[in-house]
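First the structure, in the form of structure tokens, and then the observations on it.
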Amino acid sequence: MASTNAKALIDTEPVQGTRDFPPEEMRFRTFLFNHFRKVSKEFGFEEYDAPMLESEKLYTRKAGEEIVQQMYNFTTKGGHNVALRPEMTPSLARLVIQKGQSLLLPIKWFSIPQCWRYEAITRGRRREHFQWNCDILGVPSITAEAELIAAAITFLSNVGLTAKDVGFKINSRKLLQTVLLKAGVEQAQFAPVCVIVDKIEKVERAEIVDMLKKLGLDESVVDTILTTLAIKTMEEMKTVVGEDADVVKELTELFNLLGAYGFEDWVVFDASVVRGLAYYTGVVFECFDRAGELRAICGGGRYDNLMQTYGHNRAIPACGFGFGDCVIKELLMVKGLMPSLEAEVQDLVIPFNETMRRPAIEVAQKLRDAGRSVDIVLKSKQSPKQSFSYADRVGAVRAIFVAPSEWANQSVVVKNLRADGKDRADGDRGTVTLLADLV
């Protein structure tokens, strides 16, 4: 019978919808972030960050967005209403407004924030996720959207995906806006309409129709909206709004620019893409897997009026995208493209006994000072077999033995454990190497 004094074991699972990152998971996260940063640097973006905790008012817009209902929000002991950030763009806007005239435009900024939303947990969706954000502010032309989409495609290509695996659906809210204005729909209703129709692949058509009618739209207008969303080619769009419409010229230029980047096979026009955030004003886009098994891999668009929404005295043209870490991992797993990320250190230093502890530390520090990654056996009275087992577990490339006889001659014994990419046989006794030649 168990002792009644035994302490109850704590719940070892993370909070529902969140994740732990032990070393084997952290290696993939680091791999992903390194690729995010590499592409960002190649495209000239600068990294920034902001607090995970923001004022709740930053997110409480009034267009019926899901994000408002999904916030992790609470009142502090000081009486302030705050929220864990559900997205990064409002924080970016706050930073830009804060800097005012001292910020020289245009800017290209990126970040990899952790975002929080209390929503249903499904494949590729958690209640927290990391998101690569790239934004360009101060550029009103379509060249900014082309640069952003090109950066996202470059990342996808770098991790092994091709245009046969994924694509980008591109649209402009100006298309639906043009059609609705012709139908007599008020400008104030446009953002709520976009929030609703963004759900078109998530809920039944009848439910979409019902939600649109609750906005006060006539059935004929609802039919017009659904017909417009079904447009799949630029030619169809031209017949609806005319070849000279600004939205046609803008999207035509965007596709031409993406062709110049060499990415024409990655992109398609799709009028059903509107994105679910109310602040988008122009071009919007989503990355999708062509097999149709996963939710959107990333998405973004233009949001020229967001600064004024927050009280700024002038509009700043802006566009950006968010690229989460959950769906891309699912996709790489499906495609067999998950990288092999074993633990690895370059050297493991092994003292012969405790009398050689100080020399072993000196060797380890010499190697670290030279820029090598180095571990050292810390346990005393560890057998050679145990040391080799540890070397294998940490992925050591070399074992360096520090023993009295060699140390007397300013030497150590170096054993290559993975020469030519293969584990060396235990029979290899290693090579006596002068300290001066160790690095």
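Letters for chains follow the order of the structure tokens (A, B, ...), residue numbers begin at 1 for each chain, and ligand numbers begin at 1 in the order shown.
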(Q) What's around Asn73 (chain A) at 12 Å? Count only C-alpha atoms, leave out sequence neighbours fewer than 3 positions away in its own chain, and write the answer as number ranges by chain. (A) A: 52-60, 67-70, 76, 80-86, 116-118
Could you pull the residues within 7 Å of region 277-280 of chain A, counting only C-alpha atoms, minus those fewer than 2 positions along the same chain, as an mmCIF file with all heavy atoms, in the first residue's frame?
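This is the output file around_31.cif:
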```
data_model
loop_
_atom_site.group_PDB
_atom_site.id
_atom_site.type_symbol
_atom_site.label_atom_id
_atom_site.label_comp_id
_atom_site.auth_asym_id
_atom_site.auth_seq_id
_atom_site.Cartn_x
_atom_site.Cartn_y
_atom_site.Cartn_z
ATOM 1 N N ALA A 63 -15.478 44.589 -36.235
ATOM 2 C CA ALA A 63 -15.978 44.012 -37.483
ATOM 3 C C ALA A 63 -16.415 42.566 -37.313
ATOM 4 O O ALA A 63 -16.680 41.875 -38.286
ATOM 5 C CB ALA A 63 -14.911 44.106 -38.575
ATOM 6 N N GLU A 65 -14.591 40.037 -36.014
ATOM 7 C CA GLU A 65 -13.515 39.087 -36.270
ATOM 8 C C GLU A 65 -13.450 38.024 -35.174
ATOM 9 O O GLU A 65 -13.670 38.315 -33.999
ATOM 10 C CB GLU A 65 -12.169 39.808 -36.325
ATOM 11 C CG GLU A 65 -12.085 40.858 -37.407
ATOM 12 C CD GLU A 65 -10.956 41.845 -37.119
ATOM 13 O OE1 GLU A 65 -11.032 42.536 -36.097
ATOM 14 O OE2 GLU A 65 -10.018 41.893 -37.912
ATOM 15 N N ALA A 191 -16.061 45.572 -44.504
ATOM 16 C CA ALA A 191 -15.183 44.783 -43.625
ATOM 17 C C ALA A 191 -15.940 43.615 -42.968
ATOM 18 O O ALA A 191 -15.445 42.480 -42.967
ATOM 19 C CB ALA A 191 -14.534 45.673 -42.573
ATOM 20 N N VAL A 195 -15.086 39.485 -43.275
ATOM 21 C CA VAL A 195 -14.888 38.594 -42.133
ATOM 22 C C VAL A 195 -15.758 37.353 -42.281
ATOM 23 O O VAL A 195 -15.332 36.231 -41.978
ATOM 24 C CB VAL A 195 -15.216 39.335 -40.810
ATOM 25 C CG1 VAL A 195 -15.238 38.360 -39.641
ATOM 26 C CG2 VAL A 195 -14.192 40.441 -40.558
ATOM 27 N N ARG A 275 -9.287 36.884 -46.643
ATOM 28 C CA ARG A 275 -8.660 36.956 -45.327
ATOM 29 C C ARG A 275 -9.649 37.475 -44.281
ATOM 30 O O ARG A 275 -10.524 38.265 -44.568
ATOM 31 C CB ARG A 275 -7.412 37.828 -45.322
ATOM 32 C CG ARG A 275 -6.327 37.401 -46.298
ATOM 33 C CD ARG A 275 -5.728 36.058 -45.942
ATOM 34 N NE ARG A 275 -4.989 36.091 -44.687
ATOM 35 C CZ ARG A 275 -4.671 34.992 -43.988
ATOM 36 N NH1 ARG A 275 -5.062 33.804 -44.401
ATOM 37 N NH2 ARG A 275 -3.981 35.087 -42.870
ATOM 38 N N GLY A 282 -6.469 45.855 -49.673
ATOM 39 C CA GLY A 282 -6.171 45.631 -51.089
ATOM 40 C C GLY A 282 -5.839 44.192 -51.381
ATOM 41 O O GLY A 282 -6.631 43.291 -51.097
ATOM 42 N N GLY A 301 -1.481 40.427 -46.660
ATOM 43 C CA GLY A 301 -2.079 41.375 -47.587
ATOM 44 C C GLY A 301 -1.757 42.806 -47.221
ATOM 45 O O GLY A 301 -0.915 43.086 -46.359
ATOM 46 N N ARG A 302 -2.472 43.722 -47.888
ATOM 47 C CA ARG A 302 -2.230 45.163 -47.703
ATOM 48 C C ARG A 302 -3.191 45.728 -46.669
ATOM 49 O O ARG A 302 -4.383 45.378 -46.652
ATOM 50 C CB ARG A 302 -2.387 45.887 -49.044
ATOM 51 C CG ARG A 302 -2.170 47.408 -48.954
ATOM 52 C CD ARG A 302 -1.924 48.023 -50.309
ATOM 53 N NE ARG A 302 -0.579 47.683 -50.806
ATOM 54 C CZ ARG A 302 0.540 48.351 -50.503
ATOM 55 N NH1 ARG A 302 0.481 49.393 -49.682
ATOM 56 N NH2 ARG A 302 1.689 47.990 -51.002
ATOM 57 N N TYR A 303 -2.667 46.619 -45.798
ATOM 58 C CA TYR A 303 -3.493 47.236 -44.760
ATOM 59 C C TYR A 303 -3.144 48.725 -44.618
ATOM 60 O O TYR A 303 -2.617 49.190 -43.621
ATOM 61 C CB TYR A 303 -3.333 46.493 -43.418
ATOM 62 C CG TYR A 303 -1.913 46.302 -42.933
ATOM 63 C CD1 TYR A 303 -1.332 47.184 -42.025
ATOM 64 C CD2 TYR A 303 -1.135 45.226 -43.365
ATOM 65 C CE1 TYR A 303 -0.038 47.019 -41.570
ATOM 66 C CE2 TYR A 303 0.167 45.045 -42.914
ATOM 67 C CZ TYR A 303 0.700 45.941 -42.016
ATOM 68 O OH TYR A 303 1.993 45.775 -41.565
ATOM 69 N N LEU A 306 -4.522 51.003 -41.328
ATOM 70 C CA LEU A 306 -4.440 50.553 -39.939
ATOM 71 C C LEU A 306 -3.902 51.628 -39.002
ATOM 72 O O LEU A 306 -4.376 51.778 -37.870
ATOM 73 C CB LEU A 306 -3.573 49.289 -39.843
ATOM 74 C CG LEU A 306 -3.521 48.633 -38.461
ATOM 75 C CD1 LEU A 306 -4.917 48.220 -38.008
ATOM 76 C CD2 LEU A 306 -2.595 47.427 -38.470
#
```
Tell me, counting only C-alpha atoms, for each residue of region 126-236 of chain A within 8 Å of region 32-42 of chain A, which pair of atoms is nearest and how far apart they are in Å to one decimal, in rows ordered by chain and increasing number, as JSON lines.
```
{"residue": "A:Trp132", "atom": "CA", "partner": "A:Phe36", "partner_atom": "CA", "distance": 6.7}
{"residue": "A:Cys134", "atom": "CA", "partner": "A:Ser40", "partner_atom": "CA", "distance": 7.7}
{"residue": "A:Ala151", "atom": "CA", "partner": "A:Val39", "partner_atom": "CA", "distance": 6.5}
{"residue": "A:Thr154", "atom": "CA", "partner": "A:Val39", "partner_atom": "CA", "distance": 7.1}
{"residue": "A:Phe155", "atom": "CA", "partner": "A:Val39", "partner_atom": "CA", "distance": 6.2}
{"residue": "A:Asn158", "atom": "CA", "partner": "A:His35", "partner_atom": "CA", "distance": 7.7}
{"residue": "A:Val159", "atom": "CA", "partner": "A:His35", "partner_atom": "CA", "distance": 8.0}
```
Write to file, as a JSON list (two decimals), in the first residue's frame, the residues of the selection just made, with N, CA and C atoms.
```
[["chain", "number", "residue", "atom", "x", "y", "z"],
["A", 132, "TRP", "N", 6.29, 33.75, -38.22],
["A", 132, "TRP", "CA", 7.22, 34.62, -38.94],
["A", 132, "TRP", "C", 6.42, 35.72, -39.61],
["A", 134, "CYS", "N", 6.62, 39.27, -41.81],
["A", 134, "CYS", "CA", 7.39, 40.23, -42.60],
["A", 134, "CYS", "C", 6.45, 41.35, -43.04],
["A", 151, "ALA", "N", 9.57, 36.42, -50.91],
["A", 151, "ALA", "CA", 10.30, 36.00, -49.72],
["A", 151, "ALA", "C", 9.72, 34.71, -49.16],
["A", 154, "THR", "N", 10.60, 31.82, -51.39],
["A", 154, "THR", "CA", 12.01, 31.48, -51.24],
["A", 154, "THR", "C", 12.22, 30.59, -50.02],
["A", 155, "PHE", "N", 11.57, 30.92, -48.92],
["A", 155, "PHE", "CA", 11.65, 30.05, -47.74],
["A", 155, "PHE", "C", 11.16, 28.65, -48.06],
["A", 158, "ASN", "N", 13.59, 26.79, -50.04],
["A", 158, "ASN", "CA", 14.79, 26.46, -49.26],
["A", 158, "ASN", "C", 14.61, 25.22, -48.39],
["A", 159, "VAL", "N", 13.39, 24.96, -47.94],
["A", 159, "VAL", "CA", 13.15, 23.78, -47.09],
["A", 159, "VAL", "C", 12.73, 22.56, -47.91]]
```
**Q.** For Arg29 (chain A): contacts at 12 Å, only C-alpha atoms, fewer than 2 positions along chain excluded, given as a PyMOL selection string
**A.** chain A and resi 19-27+31-36+112+129-132+324-326+328-329+338-339+341
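The smallest atom-to-atom distance between Leu104 (chain A) and any of A:Pro317, A:Gly160, A:Gly430, A:Gly138, using only C-alpha atoms, is found for A:Gly138.
For region 313-316 of chain A, the non-local neighbours within 10 Å, defined as residues at least 5 positions apart in the same chain or in other chains and counting only C-alpha atoms, are Ala93, Val96, Ile97, Gly100, Leu105, Pro106, Leu137, Gly138, Val139, Pro140, Tyr303, Asp304, Asn305, Leu306, Met307 and Gln308 of chain A.
Excluding Arg372 (chain A) itself and same-chain residues fewer than 2 positions from it, the residues having an atom within 9 Å of it are Val345, Gln346, Asp347, Leu367, Arg368, Asp369, Ala370, Val374 and Val439 of chain A, counting only C-alpha atoms.
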**Q.** Backbone-only DSSP, strand (DSSP E or B) members of region 28-181 of chain A, as a PyMOL selection string
**A.** chain A and resi 46-47+53-55+72-75+81-84+107-111+114-116+122+125+128-137+166-172
Take the residues from that selection and write them out as a compact mmCIF listing (two decimals), in the first residue's frame, keeping N, CA and C atoms.
```txt
# COMPACT_ATOMS: atom_id res chain seq x y z
N GLU A 46 14.78 43.92 -41.38
CA GLU A 46 15.40 44.05 -40.07
C GLU A 46 14.49 43.44 -39.01
N GLU A 47 15.10 42.80 -37.99
CA GLU A 47 14.30 42.13 -36.98
C GLU A 47 13.91 43.09 -35.86
N LEU A 53 2.62 40.77 -23.93
CA LEU A 53 1.46 41.30 -23.24
C LEU A 53 1.18 42.71 -23.76
N GLU A 54 -0.01 42.93 -24.30
CA GLU A 54 -0.38 44.22 -24.86
C GLU A 54 -1.71 44.69 -24.27
N SER A 55 -2.03 45.95 -24.47
CA SER A 55 -3.34 46.47 -24.08
C SER A 55 -4.43 45.77 -24.88
N TYR A 72 -6.70 35.64 -25.21
CA TYR A 72 -6.40 35.36 -23.81
C TYR A 72 -6.29 36.73 -23.13
N ASN A 73 -7.34 37.19 -22.48
CA ASN A 73 -7.33 38.53 -21.91
C ASN A 73 -7.73 38.49 -20.44
N PHE A 74 -7.24 39.47 -19.69
CA PHE A 74 -7.53 39.52 -18.26
C PHE A 74 -7.24 40.93 -17.75
N THR A 75 -7.64 41.18 -16.51
CA THR A 75 -7.40 42.46 -15.86
C THR A 75 -6.26 42.31 -14.87
N ASN A 81 -6.72 46.37 -18.50
CA ASN A 81 -7.21 45.28 -19.35
C ASN A 81 -6.15 44.96 -20.39
N VAL A 82 -5.61 43.75 -20.31
CA VAL A 82 -4.50 43.36 -21.19
C VAL A 82 -4.82 42.03 -21.87
N ALA A 83 -4.01 41.69 -22.85
CA ALA A 83 -4.19 40.43 -23.59
C ALA A 83 -2.84 39.89 -24.04
N LEU A 84 -2.71 38.56 -24.07
CA LEU A 84 -1.57 37.96 -24.74
C LEU A 84 -1.78 38.18 -26.23
N ILE A 107 10.22 51.10 -44.58
CA ILE A 107 10.91 50.15 -43.73
C ILE A 107 10.51 48.74 -44.10
N LYS A 108 11.42 47.80 -43.85
CA LYS A 108 11.15 46.37 -44.03
C LYS A 108 11.54 45.69 -42.72
N TRP A 109 10.54 45.28 -41.95
CA TRP A 109 10.78 44.69 -40.64
C TRP A 109 10.24 43.26 -40.59
N PHE A 110 10.90 42.43 -39.78
CA PHE A 110 10.37 41.09 -39.56
C PHE A 110 10.48 40.72 -38.08
N SER A 111 9.70 39.73 -37.68
CA SER A 111 9.73 39.25 -36.30
C SER A 111 9.26 37.79 -36.29
N GLN A 114 5.63 34.77 -30.56
CA GLN A 114 4.70 33.73 -30.13
C GLN A 114 3.34 34.39 -29.96
N CYS A 115 2.32 33.82 -30.58
CA CYS A 115 0.97 34.39 -30.55
C CYS A 115 0.01 33.41 -29.89
N TRP A 116 -1.04 33.96 -29.28
CA TRP A 116 -1.97 33.17 -28.47
C TRP A 116 -3.41 33.41 -28.89
N THR A 122 -6.93 21.77 -33.78
CA THR A 122 -7.04 20.86 -34.91
C THR A 122 -5.65 20.61 -35.48
N ARG A 125 -3.05 23.44 -35.88
CA ARG A 125 -3.55 24.61 -35.15
C ARG A 125 -3.48 24.35 -33.65
N GLU A 128 -1.28 28.30 -29.04
CA GLU A 128 -0.11 29.17 -29.16
C GLU A 128 0.68 28.71 -30.36
N HIS A 129 1.31 29.63 -31.02
CA HIS A 129 2.17 29.27 -32.14
C HIS A 129 3.17 30.40 -32.35
N PHE A 130 4.27 30.06 -32.98
CA PHE A 130 5.23 31.08 -33.40
C PHE A 130 4.92 31.44 -34.84
N GLN A 131 5.12 32.70 -35.16
CA GLN A 131 4.74 33.16 -36.49
C GLN A 131 5.79 34.10 -37.06
N TRP A 132 6.29 33.75 -38.22
CA TRP A 132 7.22 34.62 -38.94
C TRP A 132 6.42 35.72 -39.61
N ASN A 133 6.67 36.96 -39.21
CA ASN A 133 5.99 38.11 -39.79
C ASN A 133 6.98 38.94 -40.58
N CYS A 134 6.62 39.27 -41.81
CA CYS A 134 7.39 40.23 -42.60
C CYS A 134 6.45 41.35 -43.04
N ASP A 135 6.86 42.58 -42.85
CA ASP A 135 6.03 43.73 -43.21
C ASP A 135 6.86 44.80 -43.91
N ILE A 136 6.22 45.46 -44.88
CA ILE A 136 6.83 46.58 -45.60
C ILE A 136 5.92 47.78 -45.43
N LEU A 137 6.44 48.86 -44.90
CA LEU A 137 5.67 50.07 -44.68
C LEU A 137 6.26 51.22 -45.48
N VAL A 166 2.98 23.22 -53.16
CA VAL A 166 2.24 24.34 -52.60
C VAL A 166 2.05 25.43 -53.64
N GLY A 167 1.12 26.32 -53.36
CA GLY A 167 0.90 27.46 -54.24
C GLY A 167 0.36 28.63 -53.45
N PHE A 168 0.25 29.78 -54.11
CA PHE A 168 -0.30 30.98 -53.47
C PHE A 168 -1.55 31.41 -54.21
N LYS A 169 -2.66 31.51 -53.48
CA LYS A 169 -3.88 32.08 -54.02
C LYS A 169 -3.84 33.59 -53.78
N ILE A 170 -4.02 34.35 -54.84
CA ILE A 170 -3.91 35.81 -54.75
C ILE A 170 -5.21 36.46 -55.21
N ASN A 171 -5.63 37.46 -54.50
CA ASN A 171 -6.84 38.21 -54.83
C ASN A 171 -6.63 39.65 -54.36
N SER A 172 -7.61 40.50 -54.59
CA SER A 172 -7.63 41.83 -54.01
C SER A 172 -9.02 42.11 -53.49
```
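Pairwise distance (CA of Glu145 (chain A), CA of Ile196 (chain A)) equals 24.0 Å.
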Q. By how many Å are CA of Val185 (chain A) and CA of Ile225 (chain A) apart?
A. 10.8 Å
Q. What lies within 12 Å of Ala271 (chain A) using only C-alpha atoms, ignoring chain neighbours under 6 positions off, as a ChimeraX atom specification?
A. /A:169-177,179,194,197-198,200,225-237,240,247,251,283-286
**Q.** Contacts of Gln410 (chain A) at 7 Å (only C-alpha atoms; same-chain gap of 4+ positions) as a PyMOL selection string
**A.** chain A and resi 406+434-435
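Between CA of Thr252 (chain A) and CA of Ala150 (chain A) the interatomic distance comes to 16.0 Å.
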